[in-house]
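Dumped coords06.txt below, it's compact mmCIF, C-alpha atoms and all ligand atoms:
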```txt
# COMPACT_ATOMS: atom_id res chain seq x y z
CA MET A 200 57.51 -30.22 19.94
CA GLU A 201 60.92 -29.22 21.08
CA ARG A 202 63.16 -26.53 19.78
CA GLY A 203 66.60 -25.63 21.03
CA GLY A 204 66.07 -27.70 24.19
CA ASP A 205 62.83 -25.89 25.05
CA ASP A 206 59.73 -27.95 25.68
CA LEU A 207 56.74 -25.65 25.20
CA LYS A 208 53.15 -26.71 25.68
CA LEU A 209 50.24 -24.33 25.36
CA LEU A 210 47.05 -25.23 27.13
CA GLY A 211 44.12 -23.36 25.60
CA THR A 212 40.98 -23.16 23.53
CA TRP A 213 41.49 -22.00 19.96
CA ALA A 214 38.87 -19.23 19.96
CA SER A 215 39.94 -17.53 23.21
CA PRO A 216 41.37 -14.01 22.71
CA PHE A 217 43.67 -14.62 25.68
CA VAL A 218 45.05 -17.81 24.14
CA ILE A 219 45.42 -16.13 20.74
CA ARG A 220 47.63 -13.52 22.39
CA VAL A 221 50.03 -16.19 23.50
CA LYS A 222 50.01 -17.85 20.08
CA LEU A 223 50.79 -14.48 18.50
CA ALA A 224 53.74 -13.94 20.83
CA LEU A 225 55.10 -17.42 20.09
CA SER A 226 54.64 -16.83 16.38
CA PHE A 227 56.51 -13.52 16.42
CA LYS A 228 59.27 -15.16 18.44
CA GLY A 229 59.42 -18.08 15.97
CA GLN A 230 58.81 -20.67 18.69
CA SER A 231 57.15 -24.00 18.00
CA TYR A 232 55.05 -25.58 20.69
CA GLU A 233 52.62 -28.36 21.38
CA ASN A 234 49.06 -27.08 21.32
CA ILE A 235 46.83 -28.80 23.87
CA GLU A 236 43.17 -27.98 23.39
CA GLU A 237 40.81 -28.00 26.40
CA GLU A 238 37.85 -29.95 25.05
CA ASP A 239 35.15 -28.74 27.45
CA LEU A 240 36.53 -25.76 29.34
CA TYR A 241 33.34 -24.67 31.05
CA ASN A 242 32.01 -28.07 32.09
CA ARG A 243 34.95 -30.43 32.52
CA LYS A 244 38.40 -29.00 32.91
CA SER A 245 41.31 -31.32 32.23
CA GLU A 246 43.49 -32.64 35.03
CA LEU A 247 46.43 -30.90 33.38
CA LEU A 248 44.67 -27.53 33.53
CA LEU A 249 43.60 -28.00 37.15
CA LYS A 250 47.14 -28.99 38.09
CA SER A 251 48.78 -26.22 36.07
CA ASN A 252 46.50 -23.33 37.05
CA PRO A 253 44.99 -24.38 40.38
CA VAL A 254 44.23 -20.79 41.39
CA HIS A 255 42.15 -19.51 38.45
CA LYS A 256 41.63 -22.77 36.49
CA LYS A 257 41.67 -20.76 33.25
CA VAL A 258 43.44 -20.91 29.93
CA PRO A 259 45.92 -19.99 28.61
CA VAL A 260 48.69 -21.76 30.49
CA LEU A 261 52.13 -22.03 28.96
CA ILE A 262 54.14 -24.97 30.27
CA HIS A 263 57.82 -24.34 29.67
CA ASN A 264 60.08 -27.28 30.44
CA GLY A 265 57.45 -28.59 32.83
CA ARG A 266 56.82 -25.31 34.65
CA PRO A 267 53.45 -23.59 34.16
CA VAL A 268 53.03 -19.85 33.59
CA CYS A 269 49.50 -18.43 33.88
CA GLU A 270 47.72 -15.22 32.82
CA SER A 271 48.03 -14.18 29.20
CA GLN A 272 49.74 -10.82 29.75
CA LEU A 273 52.33 -12.42 32.03
CA ILE A 274 52.84 -15.27 29.58
CA VAL A 275 53.51 -12.83 26.71
CA GLN A 276 56.05 -10.99 28.90
CA TYR A 277 57.61 -14.31 29.88
CA ILE A 278 57.96 -15.36 26.24
CA ASP A 279 59.53 -12.01 25.41
CA GLU A 280 62.08 -12.38 28.19
CA SER A 281 62.78 -16.09 27.74
CA PHE A 282 63.34 -15.95 23.98
CA ASN A 283 65.16 -12.65 23.77
CA ASN A 284 67.57 -14.02 21.17
CA THR A 285 64.87 -14.74 18.62
CA GLY A 286 62.66 -12.19 16.88
CA HIS A 287 62.71 -8.62 18.12
CA SER A 288 61.85 -7.55 21.63
CA LEU A 289 58.10 -7.05 22.16
CA LEU A 290 58.31 -4.79 25.19
CA PRO A 291 60.34 -1.60 24.80
CA MET A 292 63.81 -1.47 26.40
CA ASP A 293 63.23 1.77 28.28
CA PRO A 294 61.76 1.11 31.79
CA TYR A 295 59.35 4.05 31.53
CA GLU A 296 58.05 2.86 28.16
CA ARG A 297 57.73 -0.68 29.50
CA ALA A 298 55.64 0.63 32.39
CA THR A 299 53.36 2.62 30.10
CA SER A 300 52.95 -0.37 27.75
CA ARG A 301 51.82 -2.45 30.73
CA PHE A 302 49.50 0.35 31.78
CA TRP A 303 47.73 0.28 28.40
CA ALA A 304 47.65 -3.51 28.35
CA ALA A 305 45.85 -3.40 31.70
CA TYR A 306 43.51 -0.78 30.24
CA ILE A 307 42.65 -3.05 27.30
CA ASP A 308 41.87 -5.94 29.62
CA ASP A 309 39.92 -3.80 32.05
CA LYS A 310 37.82 -1.85 29.57
CA LEU A 311 37.46 -4.20 26.64
CA CYS A 312 38.03 -7.76 27.79
CA HIS A 313 36.71 -8.22 31.28
CA LEU A 314 33.52 -8.15 33.20
CA SER A 315 33.63 -4.62 34.56
CA PRO A 316 31.32 -1.62 34.32
CA HIS A 317 33.26 -0.56 31.23
CA GLY A 318 34.48 -3.74 29.62
CA ILE A 319 31.20 -5.52 29.63
CA LEU A 320 30.36 -5.50 25.96
CA VAL A 321 33.21 -7.47 24.56
CA TYR A 322 33.63 -9.72 27.56
CA THR A 323 30.01 -10.75 27.55
CA LEU A 324 30.02 -11.48 23.88
CA VAL A 325 33.17 -13.53 24.20
CA PHE A 326 31.76 -15.42 27.15
CA ALA A 327 28.41 -16.04 25.50
CA PHE A 328 30.16 -17.06 22.34
CA LEU A 329 32.47 -19.52 24.07
CA ASN A 330 29.86 -20.88 26.38
CA GLY A 331 26.73 -20.95 24.26
CA VAL A 332 24.71 -20.54 27.45
CA TRP A 333 22.65 -17.56 26.37
CA SER A 334 22.21 -18.75 22.82
CA ASN A 335 18.52 -17.90 22.76
CA LEU A 336 19.34 -14.26 23.45
CA LEU A 337 21.91 -13.94 20.72
CA ILE A 338 19.60 -12.85 18.00
CA ASP A 339 20.31 -9.28 17.05
CA ALA A 340 21.96 -6.16 18.37
CA SER A 341 19.12 -5.12 20.66
CA HIS A 342 18.98 -8.57 22.20
CA MET A 343 22.71 -8.42 22.51
CA LEU A 344 22.35 -5.23 24.55
CA GLN A 345 19.93 -7.01 26.86
CA LEU A 346 22.39 -9.83 27.15
CA PHE A 347 25.31 -7.80 28.32
CA ALA A 348 23.20 -5.59 30.52
CA SER A 349 21.66 -8.58 32.25
CA VAL A 350 25.02 -10.21 32.87
CA PHE A 351 26.58 -6.99 34.05
CA GLN A 352 23.71 -6.22 36.35
CA GLY A 353 23.40 -9.68 37.82
CA GLY A 354 20.32 -10.64 35.83
CA LYS A 355 18.25 -7.65 36.90
CA ALA A 356 16.34 -5.96 34.11
CA LYS A 357 17.52 -2.39 33.66
CA SER A 358 16.39 0.48 31.55
CA GLU A 359 17.27 0.99 27.89
CA GLU A 360 19.04 4.14 29.02
CA GLU A 361 21.38 2.16 31.25
CA LYS A 362 22.06 -0.37 28.51
CA ALA A 363 22.91 2.41 26.08
CA LYS A 364 25.21 3.90 28.73
CA ALA A 365 27.14 0.64 29.02
CA LEU A 366 27.65 0.54 25.25
CA LYS A 367 28.74 4.18 25.24
CA GLN A 368 31.35 3.42 27.90
CA THR A 369 32.85 0.77 25.67
CA TYR A 370 33.01 3.20 22.77
CA THR A 371 34.61 5.81 25.02
CA ALA A 372 37.28 3.27 25.94
CA VAL A 373 37.92 2.66 22.23
CA GLU A 374 38.33 6.40 21.68
CA THR A 375 40.80 6.63 24.55
CA LEU A 376 42.74 3.72 23.10
CA GLU A 377 42.75 5.46 19.73
CA LEU A 378 44.53 8.45 21.35
CA ALA A 379 47.05 6.10 22.97
CA PHE A 380 47.69 4.47 19.59
CA ARG A 381 48.27 7.89 18.01
CA GLU A 382 50.85 8.71 20.66
CA TYR A 383 52.68 5.38 20.58
CA SER A 384 52.68 4.62 16.88
CA LYS A 385 53.92 8.10 15.88
CA GLY A 386 52.44 7.77 12.42
CA LYS A 387 53.74 4.19 11.99
CA PRO A 388 51.48 1.13 11.52
CA PHE A 389 51.81 -0.47 14.97
CA PHE A 390 51.72 0.38 18.66
CA GLY A 391 55.35 -0.70 18.55
CA GLY A 392 56.09 1.74 15.66
CA ASP A 393 57.51 0.04 12.58
CA SER A 394 57.41 -3.40 14.17
CA VAL A 395 54.86 -5.28 16.24
CA GLY A 396 55.21 -4.78 19.99
CA TYR A 397 53.61 -5.86 23.25
CA LEU A 398 50.40 -3.83 22.88
CA ASP A 399 49.89 -5.07 19.33
CA ILE A 400 49.95 -8.62 20.67
CA ILE A 401 47.64 -7.83 23.60
CA LEU A 402 45.02 -6.11 21.43
CA GLY A 403 45.71 -8.44 18.49
CA GLY A 404 44.18 -11.36 20.37
CA MET A 405 40.86 -9.52 20.20
CA ILE A 406 40.82 -9.15 16.41
CA PRO A 407 38.89 -12.34 15.59
CA VAL A 408 36.18 -11.53 18.11
CA VAL A 409 35.97 -7.93 16.85
CA HIS A 410 35.32 -9.32 13.35
CA TYR A 411 32.84 -11.79 14.77
CA ILE A 412 30.90 -9.06 16.60
CA GLU A 413 30.72 -7.06 13.40
CA ALA A 414 29.63 -10.05 11.27
CA HIS A 415 27.14 -11.36 13.78
CA TYR A 416 25.73 -8.22 15.41
CA GLY A 417 26.63 -5.48 12.96
CA ILE A 418 28.52 -3.64 15.70
CA LYS A 419 31.82 -2.15 14.63
CA LEU A 420 34.10 -1.74 17.57
CA PHE A 421 36.81 -0.04 15.51
CA ASP A 422 35.40 2.10 12.73
CA SER A 423 36.62 4.88 10.48
CA THR A 424 34.83 7.61 12.45
CA ARG A 425 35.52 6.74 16.05
CA SER A 426 38.87 5.05 15.67
CA PRO A 427 40.32 5.31 12.14
CA LEU A 428 43.85 4.52 13.30
CA LEU A 429 42.83 1.37 15.16
CA LYS A 430 40.77 0.29 12.17
CA SER A 431 43.83 0.60 9.90
CA TRP A 432 45.96 -1.06 12.55
CA MET A 433 43.58 -4.03 12.66
CA GLU A 434 43.64 -4.42 8.88
CA CYS A 435 47.41 -4.15 8.71
CA PHE A 436 48.08 -6.47 11.68
CA GLY A 437 45.82 -9.15 10.23
CA THR A 438 47.79 -9.35 6.98
CA LEU A 439 51.19 -10.17 8.51
CA ASP A 440 52.55 -13.69 7.94
CA ALA A 441 53.08 -14.20 11.66
CA THR A 442 49.45 -13.30 12.42
CA LYS A 443 47.70 -14.93 9.45
CA SER A 444 48.77 -18.36 10.65
CA VAL A 445 47.37 -17.67 14.13
CA LEU A 446 44.16 -15.61 13.85
CA PRO A 447 41.12 -17.82 13.28
CA SER A 448 38.78 -16.76 10.49
CA VAL A 449 35.44 -15.15 11.23
CA GLU A 450 33.74 -18.03 9.40
CA SER A 451 35.31 -20.56 11.76
CA LEU A 452 34.14 -18.50 14.75
CA ILE A 453 30.60 -18.32 13.40
CA GLU A 454 30.57 -22.10 12.83
CA TYR A 455 31.95 -22.68 16.30
CA SER A 456 29.37 -20.38 17.85
CA LYS A 457 26.55 -22.21 16.04
CA MET A 458 27.87 -25.54 17.24
CA LYS A 459 28.08 -24.27 20.85
CA GLN A 460 24.59 -22.84 20.67
CA ALA A 461 23.17 -26.08 19.27
CA ARG A 462 24.91 -28.05 22.00
CA ALA A 463 23.58 -25.67 24.69
CA ALA A 464 20.05 -25.89 23.29
CA ALA A 465 20.22 -29.72 23.20
CA SER A 466 21.45 -29.87 26.77
CA ALA A 467 18.72 -27.41 27.92
CA ALA A 468 16.08 -29.60 26.20
CA THR A 469 17.22 -32.75 28.03
CA ASN A 470 17.31 -31.03 31.46
N1 LIG A 501 43.03 -12.96 32.91
C1 LIG A 501 43.09 -14.21 32.22
C2 LIG A 501 41.75 -14.48 31.58
C3 LIG A 501 41.69 -15.85 30.93
C4 LIG A 501 40.26 -16.32 30.69
O1 LIG A 501 39.29 -15.65 31.07
N2 LIG A 501 40.17 -17.50 30.07
C5 LIG A 501 38.88 -18.10 29.84
C6 LIG A 501 38.77 -18.53 28.38
S1 LIG A 501 38.61 -17.13 27.31
C7 LIG A 501 38.76 -19.34 30.71
O2 LIG A 501 39.68 -20.13 30.81
N3 LIG A 501 37.60 -19.54 31.34
C8 LIG A 501 37.32 -20.72 32.09
C9 LIG A 501 36.46 -20.44 33.28
O3 LIG A 501 36.09 -19.26 33.49
O4 LIG A 501 36.17 -21.37 34.01
C10 LIG A 501 44.20 -14.17 31.18
O5 LIG A 501 44.50 -13.08 30.71
O6 LIG A 501 44.79 -15.22 30.89
```
Before anything else, please render the file you have as structure tokens.
Amino acid sequence: MERGGDDLKLLGTWASPFVIRVKLALSFKGQSYENIEEEDLYNRKSELLLKSNPVHKKVPVLIHNGRPVCESQLIVQYIDESFNNTGHSLLPMDPYERATSRFWAAYIDDKLCHLSPHGILVYTLVFAFLNGVWSNLLIDASHMLQLFASVFQGGKAKSEEEKAKALKQTYTAVETLELAFREYSKGKPFFGGDSVGYLDIILGGMIPVVHYIEAHYGIKLFDSTRSPLLKSWMECFGTLDATKSVLPSVESLIEYSKMKQARAAASAATN
């Protein structure tokens, strides 16, 4: 789809938190785009993906007038800068505030999204969910703990104590983020104050998976005790018109997860 001379294509998978970020940014900027779904991201990447992101071979990739931009945080910044005449600015104008927004965005990715000593919980769940590889382990919360501990620790069995420590580190990161939200929002509903800003988009991509983790494992990442402000933020963010059209429902994620798990089980049975 083209709009105002801009040809925008988004290469992604619909359930990916990183892809959802980009969709949120495009939605808030009122940009239409062609959505190109990677059919089998973990087994057979498309030629277009390999050509567009030869370094990491990951989604999302935004292709703007034929030129690819990779890495979700950079794509959101690119969208903000490229379409500065539509919607409001996502990043703050002040250079210091821009730097601190990027700092917290890196914190979210490091502690909550990626495979790191701290960010293991969510990353592992997202990976397992998208991949279906460890479907037989995804039974309940205690199995889930084994799952993320085993991935984090390279498959080596570790003590319950160490598993609990990894979970605690994730909760500590949430508490730290809660303090950052308090400082940035200044009593308003969003990181960006009265309107949605860069950090809302970065964390907003995680909302579907946060709901999924709660529905599937009974683990509340944002709750009224540990992070009441983030809990309210999540509820409020999810009701906006620009987000409702983008965020997949928890039911669709559960269905998708079941389908992936069935497919993984069938492929394991034939091998
Ligand atoms: N740092 C990247 C992470 C993107 C990422 O991990 N994408 C996953 C899907 S959720 C992917 O494409 N994985 C394919 C693979 O690992 O081969 C970003 O922010 O865009």
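Once all atoms listed in the file are used for the distance check, the residues close to ligand LIG 501 (chain A) at 6 Å turn out to be Ser215, Phe217, Leu240, Tyr241, Lys257, Val258, Pro259, Glu270, Ser271 and Gln272 of chain A.
Of the residues under consideration (A:Lys256, A:Lys387, A:Lys244, A:Lys228), A:Lys228 shows the shortest atom-to-atom contact distance to Gln276 in chain A when counting all atoms listed in the file.
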Using the file's own x, y and z axes, what box holds all listed atoms of range 450-469 of chain A with 8 Å on each side, keeping edges along x, y and z, and what are its centre and edge lengths in Å to one decimal, as AutoDock Vina command-line options?
```
--center_x 25.7 --center_y -25.4 --center_z 18.7 --size_x 35.2 --size_y 30.7 --size_z 34.6
```
Using only C-alpha atoms, which residues sit within 12 Å of Phe302 in chain A once same-chain residues fewer than 4 positions away are excluded, as a ChimeraX atom specification?
/A:272,295-298,306-309,376,379,397-398,401
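Straight-line separation from CA of His287 in chain A to CA of Val395 in chain A: 8.7 Å.
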With all atoms listed in the file as the counted atoms, please give the residues lying no more than 12 Å from Lys208 in chain A, apart from itself and same-chain residues fewer than 3 positions off, as a ChimeraX atom specification.
/A:200-202,205,211,221-222,225,230-236,247-248,251,259-268
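Here CA of Val218 in chain A is placed at a distance of 27.0 Å from CA of Asp293 in chain A.
Residues in contact with Ile418 in chain A at up to 9 Å, not including ones fewer than 3 positions away on its chain and judged by all atoms listed in the file, are Ala340, Val409, Ile412, Glu413, Ala414 and His415 of chain A.
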Given all atoms listed in the file as the counted atoms, nearest of A:Met292, A:Val275, A:Ala304, A:Val373 to Thr424 in chain A
A:Val373
Give me the range 398-425 of chain A side of the contact with range 443-452 of chain A, cut-off 8 Å, one line per residue showing its nearest atom pair and distance in Å at one decimal, counting all atoms listed in the file, sorted by chain and residue number, as CSV.
```
residue,atom,partner,partner_atom,distance
A:Gly404,CA,A:Leu446,CA,7.8
A:Ile406,CA,A:Leu446,CA,7.7
A:Pro407,CA,A:Val449,CA,6.2
A:Val408,CA,A:Val449,CA,7.8
A:His410,CA,A:Val449,CA,6.2
A:Tyr411,CA,A:Val449,CA,5.5
A:Ala414,CA,A:Val449,CA,7.7
```
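With CA of Tyr383 in chain A on one side and CA of Leu290 in chain A on the other, the separation reads 12.5 Å.
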